[in-house]
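Coordinates as given in my_file-v9.txt (compact mmCIF, N, CA, C and O atoms):
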```
# COMPACT_ATOMS: atom_id res chain seq x y z
N MET A 370 0.85 -1.17 0.00
CA MET A 370 0.00 0.00 0.00
C MET A 370 0.89 1.24 0.00
O MET A 370 2.02 1.19 0.47
N LEU A 371 0.34 2.30 -0.52
CA LEU A 371 1.09 3.54 -0.64
C LEU A 371 0.26 4.68 -0.07
O LEU A 371 -0.90 4.87 -0.45
N ARG A 372 0.83 5.41 0.88
CA ARG A 372 0.16 6.56 1.46
C ARG A 372 0.61 7.80 0.70
O ARG A 372 1.79 7.98 0.40
N HIS A 373 -0.35 8.66 0.37
CA HIS A 373 -0.13 9.88 -0.41
C HIS A 373 -0.70 11.03 0.41
O HIS A 373 -1.91 11.10 0.62
N ILE A 374 0.19 11.90 0.90
CA ILE A 374 -0.24 13.04 1.72
C ILE A 374 0.17 14.32 0.99
O ILE A 374 1.32 14.46 0.57
N VAL A 375 -0.80 15.21 0.83
CA VAL A 375 -0.54 16.49 0.18
C VAL A 375 -1.09 17.59 1.07
O VAL A 375 -2.20 17.46 1.61
N MET A 376 -0.30 18.67 1.24
CA MET A 376 -0.71 19.80 2.07
C MET A 376 -0.60 21.07 1.25
O MET A 376 0.37 21.23 0.50
N TRP A 377 -1.58 21.96 1.40
CA TRP A 377 -1.60 23.19 0.63
C TRP A 377 -1.74 24.41 1.53
O TRP A 377 -2.46 24.39 2.54
N THR A 378 -1.10 25.48 1.12
CA THR A 378 -1.32 26.81 1.66
C THR A 378 -2.08 27.56 0.57
O THR A 378 -1.68 27.53 -0.60
N LEU A 379 -3.17 28.20 0.95
CA LEU A 379 -4.03 28.86 -0.03
C LEU A 379 -3.74 30.35 -0.12
O LEU A 379 -3.32 30.98 0.85
N ASN A 380 -3.99 30.92 -1.30
CA ASN A 380 -3.90 32.36 -1.48
C ASN A 380 -4.89 33.06 -0.54
O ASN A 380 -4.58 34.09 0.05
N ASN A 381 -6.08 32.49 -0.44
CA ASN A 381 -7.13 33.02 0.43
C ASN A 381 -7.65 31.87 1.28
O ASN A 381 -8.40 31.02 0.79
N PRO A 382 -7.28 31.80 2.55
CA PRO A 382 -7.72 30.69 3.40
C PRO A 382 -9.23 30.49 3.46
O PRO A 382 -9.70 29.39 3.72
N ALA A 383 -9.99 31.53 3.16
CA ALA A 383 -11.46 31.41 3.15
C ALA A 383 -11.94 30.48 2.03
O ALA A 383 -13.10 30.04 2.05
N ASP A 384 -11.07 30.17 1.07
CA ASP A 384 -11.42 29.27 -0.03
C ASP A 384 -11.32 27.80 0.37
O ASP A 384 -11.61 26.91 -0.44
N ALA A 385 -10.90 27.50 1.60
CA ALA A 385 -10.68 26.12 2.02
C ALA A 385 -11.89 25.20 1.83
O ALA A 385 -11.73 24.08 1.33
N PRO A 386 -13.12 25.61 2.16
CA PRO A 386 -14.26 24.71 1.93
C PRO A 386 -14.46 24.36 0.45
O PRO A 386 -14.75 23.20 0.13
N ARG A 387 -14.28 25.32 -0.43
CA ARG A 387 -14.40 25.03 -1.87
C ARG A 387 -13.27 24.11 -2.32
O ARG A 387 -13.49 23.18 -3.10
N PHE A 388 -12.06 24.37 -1.86
CA PHE A 388 -10.90 23.55 -2.18
C PHE A 388 -11.17 22.10 -1.75
O PHE A 388 -10.94 21.16 -2.51
N LYS A 389 -11.70 21.94 -0.53
CA LYS A 389 -12.03 20.61 -0.01
C LYS A 389 -13.08 19.92 -0.88
O LYS A 389 -12.95 18.73 -1.20
N ALA A 390 -14.10 20.65 -1.27
CA ALA A 390 -15.15 20.07 -2.10
C ALA A 390 -14.59 19.57 -3.44
O ALA A 390 -14.96 18.49 -3.93
N LEU A 391 -13.70 20.35 -4.02
CA LEU A 391 -13.07 19.93 -5.28
C LEU A 391 -12.26 18.65 -5.07
O LEU A 391 -12.34 17.71 -5.87
N LEU A 392 -11.48 18.60 -4.00
CA LEU A 392 -10.70 17.39 -3.71
C LEU A 392 -11.62 16.19 -3.46
O LEU A 392 -11.37 15.10 -3.97
N ASP A 393 -12.66 16.40 -2.69
CA ASP A 393 -13.59 15.31 -2.37
C ASP A 393 -14.21 14.71 -3.64
O ASP A 393 -14.57 13.53 -3.65
N SER A 394 -14.31 15.49 -4.70
CA SER A 394 -14.88 14.98 -5.95
C SER A 394 -13.97 13.93 -6.60
O SER A 394 -14.40 13.23 -7.52
N CYS A 395 -12.75 13.80 -6.10
CA CYS A 395 -11.79 12.83 -6.64
C CYS A 395 -11.69 11.55 -5.79
O CYS A 395 -10.89 10.67 -6.09
N ALA A 396 -12.51 11.44 -4.78
CA ALA A 396 -12.37 10.37 -3.78
C ALA A 396 -12.56 8.96 -4.33
O ALA A 396 -12.04 8.01 -3.74
N SER A 397 -13.24 8.81 -5.43
CA SER A 397 -13.49 7.44 -5.93
C SER A 397 -13.12 7.31 -7.41
O SER A 397 -13.73 6.52 -8.13
N LEU A 398 -12.10 8.01 -7.84
CA LEU A 398 -11.73 8.00 -9.26
C LEU A 398 -11.14 6.67 -9.72
O LEU A 398 -11.30 6.30 -10.89
N VAL A 399 -10.45 5.96 -8.85
CA VAL A 399 -9.86 4.67 -9.22
C VAL A 399 -10.22 3.64 -8.15
O VAL A 399 -10.40 4.00 -6.97
N PRO A 400 -10.31 2.37 -8.52
CA PRO A 400 -10.72 1.36 -7.54
C PRO A 400 -9.69 1.10 -6.45
O PRO A 400 -10.04 0.57 -5.40
N GLY A 401 -8.44 1.51 -6.65
CA GLY A 401 -7.40 1.22 -5.68
C GLY A 401 -7.26 2.21 -4.55
O GLY A 401 -6.33 2.13 -3.77
N ILE A 402 -8.19 3.14 -4.41
CA ILE A 402 -8.17 4.08 -3.27
C ILE A 402 -8.81 3.38 -2.08
O ILE A 402 -9.96 2.97 -2.13
N THR A 403 -8.04 3.25 -0.99
CA THR A 403 -8.59 2.61 0.20
C THR A 403 -8.86 3.60 1.33
O THR A 403 -9.56 3.27 2.28
N GLU A 404 -8.31 4.79 1.21
CA GLU A 404 -8.54 5.86 2.19
C GLU A 404 -8.44 7.18 1.45
O GLU A 404 -7.59 7.36 0.58
N PHE A 405 -9.32 8.11 1.79
CA PHE A 405 -9.30 9.43 1.16
C PHE A 405 -9.96 10.40 2.15
O PHE A 405 -11.17 10.36 2.35
N SER A 406 -9.15 11.24 2.79
CA SER A 406 -9.66 12.15 3.80
C SER A 406 -9.06 13.54 3.58
O SER A 406 -7.84 13.68 3.49
N VAL A 407 -9.94 14.53 3.51
CA VAL A 407 -9.51 15.91 3.33
C VAL A 407 -9.86 16.69 4.59
O VAL A 407 -10.99 16.65 5.06
N GLY A 408 -8.87 17.39 5.14
CA GLY A 408 -9.09 18.21 6.32
C GLY A 408 -8.73 19.65 6.03
O GLY A 408 -7.86 19.92 5.20
N ILE A 409 -9.45 20.56 6.68
CA ILE A 409 -9.13 21.98 6.53
C ILE A 409 -8.81 22.57 7.91
O ILE A 409 -9.26 22.07 8.95
N LYS A 410 -8.00 23.60 7.87
CA LYS A 410 -7.56 24.29 9.09
C LYS A 410 -8.76 24.74 9.91
O LYS A 410 -9.72 25.28 9.37
N GLU A 411 -8.67 24.49 11.22
CA GLU A 411 -9.75 24.87 12.13
C GLU A 411 -9.23 25.88 13.15
O GLU A 411 -8.13 25.70 13.70
N THR A 412 -10.01 26.89 13.41
CA THR A 412 -9.66 27.89 14.41
C THR A 412 -9.44 27.22 15.75
O THR A 412 -10.22 26.36 16.17
N GLY A 413 -8.36 27.59 16.41
CA GLY A 413 -8.06 27.06 17.73
C GLY A 413 -7.21 25.80 17.72
O GLY A 413 -6.77 25.35 18.77
N LEU A 414 -6.97 25.22 16.54
CA LEU A 414 -6.12 24.04 16.43
C LEU A 414 -4.86 24.41 15.66
O LEU A 414 -4.90 25.22 14.74
N GLU A 415 -3.75 23.80 16.04
CA GLU A 415 -2.47 24.13 15.40
C GLU A 415 -2.46 23.68 13.94
O GLU A 415 -2.92 22.58 13.61
N ALA A 416 -1.95 24.54 13.07
CA ALA A 416 -1.84 24.21 11.65
C ALA A 416 -0.85 25.14 10.98
O ALA A 416 -0.84 26.34 11.25
N ASN A 417 -0.04 24.58 10.10
CA ASN A 417 0.89 25.36 9.29
C ASN A 417 0.44 25.42 7.83
O ASN A 417 1.10 26.05 7.01
N VAL A 418 -0.65 24.73 7.52
CA VAL A 418 -1.21 24.71 6.17
C VAL A 418 -2.72 24.89 6.28
O VAL A 418 -3.28 24.79 7.37
N ASP A 419 -3.36 25.14 5.14
CA ASP A 419 -4.80 25.37 5.14
C ASP A 419 -5.62 24.11 4.85
O ASP A 419 -6.73 23.95 5.34
N VAL A 420 -5.07 23.22 4.01
CA VAL A 420 -5.79 22.01 3.60
C VAL A 420 -4.81 20.84 3.55
O VAL A 420 -3.66 21.01 3.14
N VAL A 421 -5.28 19.65 3.93
CA VAL A 421 -4.47 18.44 3.83
C VAL A 421 -5.31 17.32 3.24
O VAL A 421 -6.50 17.21 3.53
N LEU A 422 -4.67 16.52 2.40
CA LEU A 422 -5.26 15.29 1.87
C LEU A 422 -4.42 14.13 2.37
O LEU A 422 -3.20 14.11 2.18
N VAL A 423 -5.07 13.16 3.00
CA VAL A 423 -4.42 11.91 3.38
C VAL A 423 -5.14 10.81 2.63
O VAL A 423 -6.35 10.61 2.83
N SER A 424 -4.42 10.13 1.75
CA SER A 424 -5.03 9.07 0.96
C SER A 424 -4.11 7.86 0.92
O SER A 424 -2.90 7.98 1.09
N THR A 425 -4.70 6.71 0.71
CA THR A 425 -3.95 5.46 0.62
C THR A 425 -4.40 4.71 -0.62
O THR A 425 -5.61 4.66 -0.91
N PHE A 426 -3.42 4.15 -1.32
CA PHE A 426 -3.68 3.41 -2.55
C PHE A 426 -3.13 2.00 -2.40
O PHE A 426 -2.15 1.77 -1.69
N THR A 427 -3.75 1.05 -3.09
CA THR A 427 -3.31 -0.34 -2.99
C THR A 427 -1.89 -0.53 -3.50
O THR A 427 -1.17 -1.40 -3.01
N ASP A 428 -1.48 0.28 -4.48
CA ASP A 428 -0.13 0.16 -5.02
C ASP A 428 0.21 1.41 -5.83
O ASP A 428 -0.64 2.29 -6.03
N ALA A 429 1.45 1.49 -6.27
CA ALA A 429 1.93 2.65 -7.02
C ALA A 429 1.19 2.81 -8.34
O ALA A 429 0.98 3.94 -8.80
N GLN A 430 0.77 1.71 -8.95
CA GLN A 430 0.03 1.78 -10.21
C GLN A 430 -1.31 2.50 -10.02
O GLN A 430 -1.72 3.29 -10.86
N GLN A 431 -1.98 2.24 -8.91
CA GLN A 431 -3.26 2.90 -8.64
C GLN A 431 -3.07 4.39 -8.36
O GLN A 431 -3.88 5.22 -8.78
N LEU A 432 -1.99 4.75 -7.65
CA LEU A 432 -1.70 6.17 -7.43
C LEU A 432 -1.44 6.85 -8.77
O LEU A 432 -1.94 7.94 -9.02
N GLU A 433 -0.69 6.22 -9.64
CA GLU A 433 -0.40 6.80 -10.96
C GLU A 433 -1.69 6.94 -11.77
O GLU A 433 -1.91 7.97 -12.42
N ALA A 434 -2.57 5.94 -11.71
CA ALA A 434 -3.85 6.02 -12.42
C ALA A 434 -4.69 7.19 -11.90
O ALA A 434 -5.32 7.91 -12.67
N TYR A 435 -4.67 7.39 -10.59
CA TYR A 435 -5.38 8.51 -9.97
C TYR A 435 -4.80 9.84 -10.47
O TYR A 435 -5.53 10.74 -10.87
N GLN A 436 -3.47 9.95 -10.45
CA GLN A 436 -2.83 11.20 -10.85
C GLN A 436 -3.04 11.51 -12.33
O GLN A 436 -3.06 12.68 -12.72
N GLN A 437 -3.20 10.50 -13.16
CA GLN A 437 -3.39 10.70 -14.59
C GLN A 437 -4.86 10.79 -15.00
O GLN A 437 -5.16 11.08 -16.16
N HIS A 438 -5.76 10.55 -14.07
CA HIS A 438 -7.20 10.57 -14.38
C HIS A 438 -7.60 11.97 -14.85
O HIS A 438 -7.19 12.98 -14.25
N PRO A 439 -8.38 12.07 -15.93
CA PRO A 439 -8.77 13.39 -16.45
C PRO A 439 -9.45 14.30 -15.43
O PRO A 439 -9.20 15.51 -15.41
N GLN A 440 -10.29 13.74 -14.57
CA GLN A 440 -10.95 14.59 -13.56
C GLN A 440 -9.93 15.11 -12.55
O GLN A 440 -9.98 16.28 -12.17
N HIS A 441 -8.99 14.27 -12.13
CA HIS A 441 -7.95 14.72 -11.21
C HIS A 441 -7.13 15.84 -11.83
O HIS A 441 -6.82 16.84 -11.18
N LYS A 442 -6.79 15.69 -13.10
CA LYS A 442 -6.01 16.73 -13.78
C LYS A 442 -6.80 18.05 -13.87
O LYS A 442 -6.23 19.11 -13.65
N ALA A 443 -8.10 17.97 -14.18
CA ALA A 443 -8.92 19.18 -14.26
C ALA A 443 -9.04 19.86 -12.90
O ALA A 443 -8.93 21.09 -12.79
N VAL A 444 -9.27 19.07 -11.86
CA VAL A 444 -9.35 19.62 -10.51
C VAL A 444 -8.01 20.25 -10.13
O VAL A 444 -7.95 21.33 -9.55
N GLY A 445 -6.92 19.60 -10.50
CA GLY A 445 -5.59 20.12 -10.19
C GLY A 445 -5.34 21.49 -10.78
O GLY A 445 -4.70 22.34 -10.14
N VAL A 446 -5.83 21.73 -11.97
CA VAL A 446 -5.68 23.05 -12.60
C VAL A 446 -6.42 24.10 -11.77
O VAL A 446 -5.89 25.17 -11.47
N GLU A 447 -7.64 23.77 -11.37
CA GLU A 447 -8.43 24.72 -10.57
C GLU A 447 -7.79 24.96 -9.20
O GLU A 447 -7.70 26.10 -8.74
N LEU A 448 -7.31 23.89 -8.56
CA LEU A 448 -6.67 24.03 -7.26
C LEU A 448 -5.39 24.85 -7.38
O LEU A 448 -5.06 25.63 -6.47
N GLY A 449 -4.68 24.68 -8.47
CA GLY A 449 -3.43 25.41 -8.68
C GLY A 449 -3.62 26.91 -8.66
O GLY A 449 -2.74 27.65 -8.21
N ARG A 450 -4.76 27.36 -9.11
CA ARG A 450 -5.07 28.81 -9.11
C ARG A 450 -5.34 29.33 -7.70
O ARG A 450 -5.22 30.52 -7.45
N MET A 451 -5.73 28.43 -6.82
CA MET A 451 -6.16 28.83 -5.48
C MET A 451 -5.04 28.73 -4.44
O MET A 451 -5.18 29.22 -3.33
N ARG A 452 -3.93 28.10 -4.78
CA ARG A 452 -2.90 27.82 -3.79
C ARG A 452 -1.65 28.66 -3.99
O ARG A 452 -1.33 29.05 -5.09
N SER A 453 -0.95 28.88 -2.88
CA SER A 453 0.34 29.56 -2.95
C SER A 453 1.48 28.59 -2.65
O SER A 453 2.63 28.88 -2.94
N GLY A 454 1.16 27.44 -2.07
CA GLY A 454 2.19 26.45 -1.77
C GLY A 454 1.61 25.06 -1.71
O GLY A 454 0.42 24.87 -1.44
N ARG A 455 2.46 24.07 -2.00
CA ARG A 455 2.05 22.66 -1.99
C ARG A 455 3.23 21.82 -1.53
O ARG A 455 4.36 22.03 -1.97
N GLN A 456 2.94 20.86 -0.65
CA GLN A 456 3.94 19.90 -0.21
C GLN A 456 3.34 18.51 -0.30
O GLN A 456 2.13 18.34 -0.06
N VAL A 457 4.16 17.54 -0.67
CA VAL A 457 3.66 16.17 -0.82
C VAL A 457 4.66 15.18 -0.24
O VAL A 457 5.87 15.42 -0.25
N LEU A 458 4.12 14.08 0.28
CA LEU A 458 4.94 12.97 0.76
C LEU A 458 4.21 11.67 0.42
O LEU A 458 3.05 11.49 0.81
N ASP A 459 4.87 10.80 -0.33
CA ASP A 459 4.37 9.46 -0.62
C ASP A 459 5.28 8.47 0.10
O ASP A 459 6.51 8.63 0.07
N TYR A 460 4.70 7.47 0.75
CA TYR A 460 5.53 6.47 1.41
C TYR A 460 4.78 5.14 1.48
O TYR A 460 3.55 5.10 1.45
N ALA A 461 5.57 4.07 1.56
CA ALA A 461 5.01 2.73 1.62
C ALA A 461 4.42 2.45 3.00
O ALA A 461 5.00 2.83 4.01
N VAL A 462 3.29 1.78 3.00
CA VAL A 462 2.64 1.32 4.22
C VAL A 462 2.53 -0.20 4.07
O VAL A 462 1.76 -0.67 3.24
N GLY A 463 3.34 -0.92 4.80
CA GLY A 463 3.37 -2.37 4.61
C GLY A 463 4.09 -2.70 3.31
O GLY A 463 4.80 -1.85 2.75
N PRO A 464 3.89 -3.88 2.79
CA PRO A 464 4.56 -4.27 1.54
C PRO A 464 4.06 -3.41 0.38
O PRO A 464 2.88 -3.16 0.24
N LEU A 465 5.00 -2.92 -0.42
CA LEU A 465 4.67 -2.06 -1.56
C LEU A 465 4.84 -2.84 -2.84
O LEU A 465 5.87 -3.46 -3.08
N LYS A 466 3.80 -2.81 -3.68
CA LYS A 466 3.87 -3.42 -5.01
C LYS A 466 4.35 -2.34 -5.98
O LYS A 466 3.65 -1.36 -6.18
N VAL A 467 5.50 -2.53 -6.57
CA VAL A 467 6.02 -1.58 -7.55
C VAL A 467 5.97 -2.25 -8.91
O VAL A 467 6.46 -3.37 -9.07
N GLN A 468 5.36 -1.58 -9.86
CA GLN A 468 5.26 -2.11 -11.22
C GLN A 468 6.62 -2.08 -11.88
O GLN A 468 7.28 -1.04 -11.92
N ALA A 469 7.09 -3.21 -12.38
CA ALA A 469 8.41 -3.29 -13.03
C ALA A 469 8.36 -2.82 -14.47
O ALA A 469 7.39 -2.79 -15.11
```
With the file now loaded, output its structure as structure tokens.
Amino acid sequence: MLRHIVMWTLNNPADAPRFKALLDSCASLVPGITEFSVGIKETGLEANVDVVLVSTFTDAQQLEAYQQHPQHKAVGVELGRMRSGRQVLDYAVGPLKVQA
């Protein structure tokens, strides 16, 4: 399994609910998504970013299929206009299947 975590800083933090809704529209794009959770910064809780996505995929091939999916690409263009920064970390969770 592969965990995919992405964090964004937004140009306008008030856009976080719309940003989340756009991300949530990608939650079932490929069958290999086993976890997909989007969180937004909450008043009174510590945060260095405005939005975070924590997702898990069965393998690297499913993550690649997700990233290449036309809807994901279209959402990515829209999100790109709304963000000032992006950080990502992918890492193996348990045994990782890597396509040769």
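Relative to atom O of Leu422 in chain A, atom C of Val407 in chain A is found at 7.5 Å.
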**OP:** Report as a ChimeraX atom specification: the residues of chain A with a DSSP assignment of helix (DSSP H, G or I), based on the backbone of this structure.
**Re:** /A:382-393,429-437,439-451
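As for atom O of Leu414 in chain A and atom C of Met376 in chain A, they are spaced 14.8 Å apart.
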Subject >> Distance query Lys410 in chain A at most 5 Å, only N, CA, C and O atoms, self and fewer than 5 positions along chain excluded, as JSON, numbers by chain >> reply: {"A": [418, 419, 420]}
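Each of A:Val444, A:Gln431, A:Ser453, A:Pro400 was checked against Phe388 in chain A using all atoms listed in the file; the smallest atom-to-atom distance is that of A:Val444.
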The centre and edge lengths of an axis-aligned box containing all atoms of range 437-454 of chain A present in the file, extended by 4 Å on each side, are to be given in Å to one decimal, as AutoDock Vina command-line options.
```
--center_x -4.2 --center_y 20.5 --center_z -8.9 --size_x 21.6 --size_y 28.0 --size_z 23.0
```
**OP:** Would you list, as an NGL selection string, the residues of chain A that end up in strand (DSSP E) under DSSP run on this structure's backbone?
**Re:** :A and (371-379 or 402-409 or 420-426 or 452-461)
Original post:
Quick one, how far is CA of Gly449 in chain A from CA of Val399 in chain A?
Top reply: 21.7 Å
**OP:** Write out as a ChimeraX atom specification each polymer residue whose atoms come within 12 Å of Gly408 in chain A, counting only C-alpha atoms; drop sequence neighbours fewer than 4 positions from it.
**Re:** /A:374-377,385-390,392-393,416,418-424
**OP:** Show which residues sit within 12 Å of Arg450 in chain A, as a PyMOL selection string. Count only C-alpha atoms, and ignore same-chain residues fewer than 2 positions away.
**Re:** chain A and resi 377-381+384+388+443-448+452-455
Within 10 Å of Leu398 in chain A, counting only C-alpha atoms, which residues show up once you throw out same-chain ones fewer than 3 positions away? Write them as a short mmCIF file (atom, residue, chain, number, x, y, z; two decimals) with N, CA, C and O atoms, keeping the file's coordinate frame, please.
```
data_model
loop_
_atom_site.label_atom_id
_atom_site.label_comp_id
_atom_site.auth_asym_id
_atom_site.auth_seq_id
_atom_site.Cartn_x
_atom_site.Cartn_y
_atom_site.Cartn_z
N SER A 394 -14.31 15.49 -4.70
CA SER A 394 -14.88 14.98 -5.95
C SER A 394 -13.97 13.93 -6.60
O SER A 394 -14.40 13.23 -7.52
N CYS A 395 -12.75 13.80 -6.10
CA CYS A 395 -11.79 12.83 -6.64
C CYS A 395 -11.69 11.55 -5.79
O CYS A 395 -10.89 10.67 -6.09
N GLY A 401 -8.44 1.51 -6.65
CA GLY A 401 -7.40 1.22 -5.68
C GLY A 401 -7.26 2.21 -4.55
O GLY A 401 -6.33 2.13 -3.77
N ILE A 402 -8.19 3.14 -4.41
CA ILE A 402 -8.17 4.08 -3.27
C ILE A 402 -8.81 3.38 -2.08
O ILE A 402 -9.96 2.97 -2.13
N GLN A 431 -1.98 2.24 -8.91
CA GLN A 431 -3.26 2.90 -8.64
C GLN A 431 -3.07 4.39 -8.36
O GLN A 431 -3.88 5.22 -8.78
N ALA A 434 -2.57 5.94 -11.71
CA ALA A 434 -3.85 6.02 -12.42
C ALA A 434 -4.69 7.19 -11.90
O ALA A 434 -5.32 7.91 -12.67
N TYR A 435 -4.67 7.39 -10.59
CA TYR A 435 -5.38 8.51 -9.97
C TYR A 435 -4.80 9.84 -10.47
O TYR A 435 -5.53 10.74 -10.87
N GLN A 436 -3.47 9.95 -10.45
CA GLN A 436 -2.83 11.20 -10.85
C GLN A 436 -3.04 11.51 -12.33
O GLN A 436 -3.06 12.68 -12.72
N HIS A 438 -5.76 10.55 -14.07
CA HIS A 438 -7.20 10.57 -14.38
C HIS A 438 -7.60 11.97 -14.85
O HIS A 438 -7.19 12.98 -14.25
N PRO A 439 -8.38 12.07 -15.93
CA PRO A 439 -8.77 13.39 -16.45
C PRO A 439 -9.45 14.30 -15.43
O PRO A 439 -9.20 15.51 -15.41
N GLN A 440 -10.29 13.74 -14.57
CA GLN A 440 -10.95 14.59 -13.56
C GLN A 440 -9.93 15.11 -12.55
O GLN A 440 -9.98 16.28 -12.17
N HIS A 441 -8.99 14.27 -12.13
CA HIS A 441 -7.95 14.72 -11.21
C HIS A 441 -7.13 15.84 -11.83
O HIS A 441 -6.82 16.84 -11.18
#
```
